[in-house]
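What follows is the content of coords-v3.pdb (PDB, C-alpha atoms, pLDDT in the B column).
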```pdb
ATOM      1  CA  MET A 920      -9.456  33.253 -33.190  1.00 77.00           C
ATOM      2  CA  ILE A 921      -8.955  35.508 -30.192  1.00 89.00           C
ATOM      3  CA  THR A 922     -11.502  38.053 -29.018  1.00 94.00           C
ATOM      4  CA  THR A 923     -11.711  40.195 -25.896  1.00 95.00           C
ATOM      5  CA  ARG A 924     -14.873  41.165 -24.053  1.00 96.00           C
ATOM      6  CA  HIS A 925     -15.440  44.707 -22.708  1.00 95.00           C
ATOM      7  CA  ASP A 926     -14.404  43.621 -19.185  1.00 95.00           C
ATOM      8  CA  GLY A 927     -11.127  42.013 -20.258  1.00 96.00           C
ATOM      9  CA  TYR A 928     -12.175  38.355 -20.507  1.00 97.00           C
ATOM     10  CA  ARG A 929     -10.558  36.744 -23.553  1.00 97.00           C
ATOM     11  CA  LEU A 930     -11.761  33.880 -25.730  1.00 97.00           C
ATOM     12  CA  SER A 931      -9.376  31.821 -27.835  1.00 97.00           C
ATOM     13  CA  THR A 932      -9.574  28.800 -30.109  1.00 97.00           C
ATOM     14  CA  ASP A 933      -5.888  28.011 -29.556  1.00 97.00           C
ATOM     15  CA  PRO A 934      -5.713  24.522 -28.010  1.00 97.00           C
ATOM     16  CA  GLY A 935      -2.212  25.313 -26.753  1.00 96.00           C
ATOM     17  CA  LEU A 936      -3.659  27.818 -24.294  1.00 97.00           C
ATOM     18  CA  LEU A 937      -5.998  25.307 -22.634  1.00 98.00           C
ATOM     19  CA  ASP A 938      -5.295  24.191 -19.083  1.00 97.00           C
ATOM     20  CA  LEU A 939      -6.057  20.522 -19.776  1.00 98.00           C
ATOM     21  CA  ASP A 940      -5.636  19.558 -16.123  1.00 97.00           C
ATOM     22  CA  LEU A 941      -8.352  22.062 -15.232  1.00 98.00           C
ATOM     23  CA  VAL A 942     -10.628  21.076 -18.133  1.00 98.00           C
ATOM     24  CA  HIS A 943     -10.271  17.412 -17.176  1.00 98.00           C
ATOM     25  CA  HIS A 944     -11.059  18.257 -13.546  1.00 98.00           C
ATOM     26  CA  TRP A 945     -14.165  20.255 -14.488  1.00 98.00           C
ATOM     27  CA  LEU A 946     -15.530  17.603 -16.816  1.00 97.00           C
ATOM     28  CA  SER A 947     -14.658  14.496 -14.829  1.00 97.00           C
ATOM     29  CA  THR A 948     -15.768  15.755 -11.410  1.00 97.00           C
ATOM     30  CA  ASP A 949     -18.495  18.362 -11.947  1.00 96.00           C
ATOM     31  CA  ALA A 950     -20.097  17.971 -15.387  1.00 96.00           C
ATOM     32  CA  PHE A 951     -22.898  15.407 -14.997  1.00 94.00           C
ATOM     33  CA  TRP A 952     -22.527  14.285 -18.628  1.00 94.00           C
ATOM     34  CA  ALA A 953     -18.802  13.559 -18.284  1.00 96.00           C
ATOM     35  CA  LEU A 954     -18.319  12.344 -14.702  1.00 95.00           C
ATOM     36  CA  GLY A 955     -15.356  10.017 -14.521  1.00 96.00           C
ATOM     37  CA  ARG A 956     -14.104  10.849 -18.024  1.00 97.00           C
ATOM     38  CA  SER A 957     -10.420   9.986 -18.218  1.00 97.00           C
ATOM     39  CA  ARG A 958      -7.670  12.496 -18.929  1.00 97.00           C
ATOM     40  CA  GLU A 959      -6.794  10.473 -22.042  1.00 97.00           C
ATOM     41  CA  VAL A 960     -10.346  10.833 -23.414  1.00 97.00           C
ATOM     42  CA  VAL A 961     -10.344  14.588 -22.691  1.00 97.00           C
ATOM     43  CA  GLU A 962      -7.034  14.956 -24.562  1.00 97.00           C
ATOM     44  CA  GLN A 963      -8.298  12.903 -27.503  1.00 97.00           C
ATOM     45  CA  SER A 964     -11.561  14.876 -27.661  1.00 97.00           C
ATOM     46  CA  VAL A 965      -9.628  18.155 -27.706  1.00 97.00           C
ATOM     47  CA  ARG A 966      -7.405  16.913 -30.545  1.00 96.00           C
ATOM     48  CA  GLY A 967     -10.469  16.036 -32.628  1.00 96.00           C
ATOM     49  CA  SER A 968     -12.418  19.236 -32.020  1.00 98.00           C
ATOM     50  CA  VAL A 969     -12.417  22.987 -32.422  1.00 98.00           C
ATOM     51  CA  VAL A 970     -11.896  24.168 -28.848  1.00 98.00           C
ATOM     52  CA  PHE A 971     -12.808  27.395 -27.115  1.00 98.00           C
ATOM     53  CA  GLY A 972     -11.215  28.618 -23.904  1.00 98.00           C
ATOM     54  CA  VAL A 973     -12.285  31.672 -21.939  1.00 98.00           C
ATOM     55  CA  TYR A 974      -9.655  33.374 -19.799  1.00 98.00           C
ATOM     56  CA  GLU A 975     -10.077  35.977 -17.072  1.00 96.00           C
ATOM     57  CA  PRO A 976      -8.170  39.259 -17.334  1.00 95.00           C
ATOM     58  CA  GLY A 977      -5.449  37.803 -15.098  1.00 89.00           C
ATOM     59  CA  GLY A 978      -4.949  34.922 -17.519  1.00 88.00           C
ATOM     60  CA  GLY A 979      -6.525  31.937 -15.758  1.00 96.00           C
ATOM     61  CA  GLN A 980      -8.955  29.749 -17.677  1.00 98.00           C
ATOM     62  CA  VAL A 981     -12.580  30.093 -16.569  1.00 98.00           C
ATOM     63  CA  ALA A 982     -14.599  28.296 -19.265  1.00 98.00           C
ATOM     64  CA  PHE A 983     -14.350  25.688 -22.001  1.00 98.00           C
ATOM     65  CA  ALA A 984     -16.354  24.402 -24.946  1.00 98.00           C
ATOM     66  CA  ARG A 985     -15.654  22.253 -27.944  1.00 98.00           C
ATOM     67  CA  VAL A 986     -17.235  21.766 -31.334  1.00 98.00           C
ATOM     68  CA  VAL A 987     -17.112  18.586 -33.378  1.00 98.00           C
ATOM     69  CA  THR A 988     -17.570  19.537 -37.033  1.00 97.00           C
ATOM     70  CA  ASP A 989     -16.810  18.702 -40.648  1.00 97.00           C
ATOM     71  CA  HIS A 990     -16.704  22.464 -41.424  1.00 97.00           C
ATOM     72  CA  ALA A 991     -19.087  21.855 -44.319  1.00 97.00           C
ATOM     73  CA  THR A 992     -22.518  20.653 -43.177  1.00 97.00           C
ATOM     74  CA  PHE A 993     -22.717  19.876 -39.462  1.00 97.00           C
ATOM     75  CA  ALA A 994     -21.419  20.765 -36.001  1.00 98.00           C
ATOM     76  CA  TRP A 995     -22.079  19.558 -32.465  1.00 97.00           C
ATOM     77  CA  LEU A 996     -21.450  21.999 -29.611  1.00 98.00           C
ATOM     78  CA  CYS A 997     -20.549  20.051 -26.485  1.00 97.00           C
ATOM     79  CA  ASP A 998     -18.668  19.997 -23.185  1.00 97.00           C
ATOM     80  CA  VAL A 999     -19.600  23.602 -22.434  1.00 97.00           C
ATOM     81  CA  TYR A1000     -18.443  24.390 -18.915  1.00 97.00           C
ATOM     82  CA  VAL A1001     -18.098  27.644 -16.958  1.00 97.00           C
ATOM     83  CA  ASP A1002     -16.205  27.562 -13.672  1.00 97.00           C
ATOM     84  CA  ARG A1003     -18.669  27.649 -10.768  1.00 96.00           C
ATOM     85  CA  GLY A1004     -17.012  30.741  -9.305  1.00 96.00           C
ATOM     86  CA  GLN A1005     -17.440  32.624 -12.592  1.00 96.00           C
ATOM     87  CA  ARG A1006     -21.093  31.828 -13.287  1.00 95.00           C
ATOM     88  CA  GLY A1007     -23.637  34.626 -13.403  1.00 94.00           C
ATOM     89  CA  ARG A1008     -21.367  36.976 -15.377  1.00 95.00           C
ATOM     90  CA  GLY A1009     -22.741  36.131 -18.818  1.00 96.00           C
ATOM     91  CA  LEU A1010     -19.699  34.101 -19.806  1.00 97.00           C
ATOM     92  CA  GLY A1011     -21.737  31.103 -20.954  1.00 96.00           C
ATOM     93  CA  THR A1012     -23.893  33.265 -23.202  1.00 96.00           C
ATOM     94  CA  TRP A1013     -20.833  35.070 -24.567  1.00 97.00           C
ATOM     95  CA  LEU A1014     -19.089  31.766 -25.203  1.00 97.00           C
ATOM     96  CA  ALA A1015     -22.119  30.356 -27.068  1.00 97.00           C
ATOM     97  CA  GLU A1016     -22.452  33.540 -29.132  1.00 97.00           C
ATOM     98  CA  GLU A1017     -18.769  33.426 -30.061  1.00 97.00           C
ATOM     99  CA  VAL A1018     -19.037  29.762 -31.062  1.00 97.00           C
ATOM    100  CA  VAL A1019     -21.950  30.652 -33.349  1.00 97.00           C
ATOM    101  CA  ALA A1020     -19.980  33.587 -34.819  1.00 96.00           C
ATOM    102  CA  HIS A1021     -16.956  31.344 -35.387  1.00 97.00           C
ATOM    103  CA  LEU A1022     -19.080  28.764 -37.247  1.00 97.00           C
ATOM    104  CA  ARG A1023     -21.138  31.251 -39.292  1.00 96.00           C
ATOM    105  CA  PRO A1024     -18.689  31.534 -42.241  1.00 97.00           C
ATOM    106  CA  TYR A1025     -18.960  27.776 -42.861  1.00 97.00           C
ATOM    107  CA  ARG A1026     -22.697  28.131 -43.552  1.00 97.00           C
ATOM    108  CA  LEU A1027     -23.403  24.800 -41.855  1.00 97.00           C
ATOM    109  CA  LYS A1028     -26.798  23.227 -42.413  1.00 96.00           C
ATOM    110  CA  ARG A1029     -27.159  22.288 -38.749  1.00 95.00           C
ATOM    111  CA  VAL A1030     -25.468  22.998 -35.407  1.00 96.00           C
ATOM    112  CA  LEU A1031     -26.772  20.858 -32.563  1.00 96.00           C
ATOM    113  CA  LEU A1032     -26.280  20.770 -28.829  1.00 95.00           C
ATOM    114  CA  SER A1033     -27.857  19.020 -25.901  1.00 93.00           C
ATOM    115  CA  THR A1034     -28.756  20.758 -22.652  1.00 92.00           C
ATOM    116  CA  VAL A1035     -30.731  19.819 -19.580  1.00 91.00           C
ATOM    117  CA  ASP A1036     -30.995  23.196 -17.875  1.00 90.00           C
ATOM    118  CA  ALA A1037     -29.358  25.987 -19.898  1.00 92.00           C
ATOM    119  CA  HIS A1038     -31.899  26.539 -22.648  1.00 93.00           C
ATOM    120  CA  GLU A1039     -32.053  30.294 -21.988  1.00 92.00           C
ATOM    121  CA  VAL A1040     -28.272  30.626 -22.342  1.00 93.00           C
ATOM    122  CA  TYR A1041     -28.281  28.998 -25.769  1.00 94.00           C
ATOM    123  CA  ALA A1042     -31.472  30.741 -26.889  1.00 94.00           C
ATOM    124  CA  LYS A1043     -29.628  34.062 -26.546  1.00 94.00           C
ATOM    125  CA  ALA A1044     -27.117  32.733 -29.088  1.00 94.00           C
ATOM    126  CA  GLY A1045     -29.888  31.758 -31.515  1.00 94.00           C
ATOM    127  CA  PHE A1046     -30.515  28.113 -30.639  1.00 94.00           C
ATOM    128  CA  VAL A1047     -34.102  26.844 -30.649  1.00 95.00           C
ATOM    129  CA  PRO A1048     -35.625  23.503 -29.627  1.00 93.00           C
ATOM    130  CA  PHE A1049     -35.205  20.822 -32.288  1.00 91.00           C
ATOM    131  CA  PRO A1050     -38.380  20.984 -34.401  1.00 90.00           C
ATOM    132  CA  ASP A1051     -38.833  17.236 -34.825  1.00 91.00           C
ATOM    133  CA  PRO A1052     -37.094  15.413 -31.956  1.00 89.00           C
ATOM    134  CA  GLN A1053     -38.716  12.148 -33.027  1.00 90.00           C
ATOM    135  CA  LYS A1054     -36.369  12.257 -36.052  1.00 91.00           C
ATOM    136  CA  LEU A1055     -33.271  12.069 -33.844  1.00 89.00           C
ATOM    137  CA  MET A1056     -31.770   8.773 -32.825  1.00 89.00           C
ATOM    138  CA  VAL A1057     -28.810   7.839 -30.682  1.00 87.00           C
ATOM    139  CA  LEU A1058     -26.528   4.825 -30.569  1.00 88.00           C
ATOM    140  CA  GLY A1059     -25.970   3.819 -26.975  1.00 79.00           C
ATOM    141  CA  GLY A1060     -27.742   5.083 -23.950  1.00 63.00           C
ATOM    142  CA  PRO A1061     -27.218   7.557 -21.125  1.00 59.00           C
ATOM    143  CA  GLU A1062     -24.692   5.227 -19.542  1.00 53.00           C
ATOM    144  CA  SER A1063     -22.524   5.213 -22.704  1.00 46.00           C
TER     145      SER A1063
END
```
If you took the structure in this file and wrote it as structure tokens, what would it be?
Amino acid sequence: MITTRHDGYRLSTDPGLLDLDLVHHWLSTDAFWALGRSREVVEQSVRGSVVFGVYEPGGGQVAFARVVTDHATFAWLCDVYVDRGQRGRGLGTWLAEEVVAHLRPYRLKRVLLSTVDAHEVYAKAGFVPFPDPQKLMVLGGPES
């Protein structure tokens, strides 16, 4: 999947276009949920996921997201990151909307994500708070 926004930003699901050095840098040094994540783990996570890269008109990568899914019932949107210098341009909202559009044909029962401070970004793409959070459980803790 490749789509272009009105201002020339492009989104692609081609993992071959990703700048893995940059994605690893973003996640391991600036994403609080992935600080210290190894390059090997980033590579493995990309191999096991549907990935989304956003590229500026000049070609450089400016955002990343990945989806873990069985393409039948469930998906988890995670590792969403927009370069600090590109924030405030609506790229995060566009990325989330394009992820939702990409998943729509699968008619998944549930698409989840976790966010600390970007609820409004994901709400624009149709996400709502989980109705019964007491039903969710996790194996491991925040340090995992």
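When the distance limit is 8 Å and all atoms listed in the file are what count, the residues near Val986 of chain A, minus those fewer than 3 positions from it on the same chain, are Ser968, Val969, Val970, Ala994, Trp995, Leu996 and Cys997 of chain A.
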Residues just named, written with C-alpha atoms as a PDB file, in the coordinates of the input:
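Produced file part01.pdb, reproduced below:
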```pdb
ATOM      1  CA  SER A 968     -12.418  19.236 -32.020  1.00 98.00           C
ATOM      2  CA  VAL A 969     -12.417  22.987 -32.422  1.00 98.00           C
ATOM      3  CA  VAL A 970     -11.896  24.168 -28.848  1.00 98.00           C
ATOM      4  CA  ALA A 994     -21.419  20.765 -36.001  1.00 98.00           C
ATOM      5  CA  TRP A 995     -22.079  19.558 -32.465  1.00 97.00           C
ATOM      6  CA  LEU A 996     -21.450  21.999 -29.611  1.00 98.00           C
ATOM      7  CA  CYS A 997     -20.549  20.051 -26.485  1.00 97.00           C
TER       8      CYS A 997
END
```
### Query
Quick one: of A:Leu930, A:Ala1015, A:Leu954, A:Val1057, who's nearest to His1038 of chain A, counting only C-alpha atoms?
A:Ala1015
### Query
If you count all atoms listed in the file, which residues fall within 10 Å of Gly978 of chain A, apart from same-chain ones fewer than 6 positions away, as JSON, numbers by chain?
{"A": [927, 928, 929, 936]}
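The smallest atom-to-atom distance between Asp1002 of chain A and any of A:Val1040, A:Phe983, A:Ser931, A:His990, using only C-alpha atoms, is found for A:Phe983.
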### Message
So, with only C-alpha atoms as the atoms that count, which of A:Val973, A:Leu1031, A:Leu1022, A:Val981 lies closest to Thr922 of chain A?
### Response
A:Val973
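Across the structure, atom CA of Arg1023 of chain A and atom CA of Met1056 of chain A are spaced 25.7 Å apart.
Nearest residue to Ser1033 of chain A among A:Leu1014, A:Ser964, A:Gly972, A:Val999 is A:Val999, counting all atoms listed in the file.
Of the residues under consideration (A:Tyr1025, A:Trp1013, A:Phe951, A:Tyr1041), A:Tyr1025 shows the shortest atom-to-atom contact distance to Phe993 of chain A when counting only C-alpha atoms.
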Might I get the box with edges along x, y and z of the file that holds all atoms of segment 1035-1048 of chain A listed there, padded by 3 Å on every side, given as centre and edge lengths in Å to one decimal, as lines of an AutoDock Vina configuration file?
```
center_x = -31.4
center_y = 26.9
center_z = -24.7
size_x = 14.5
size_y = 20.2
size_z = 19.6
```
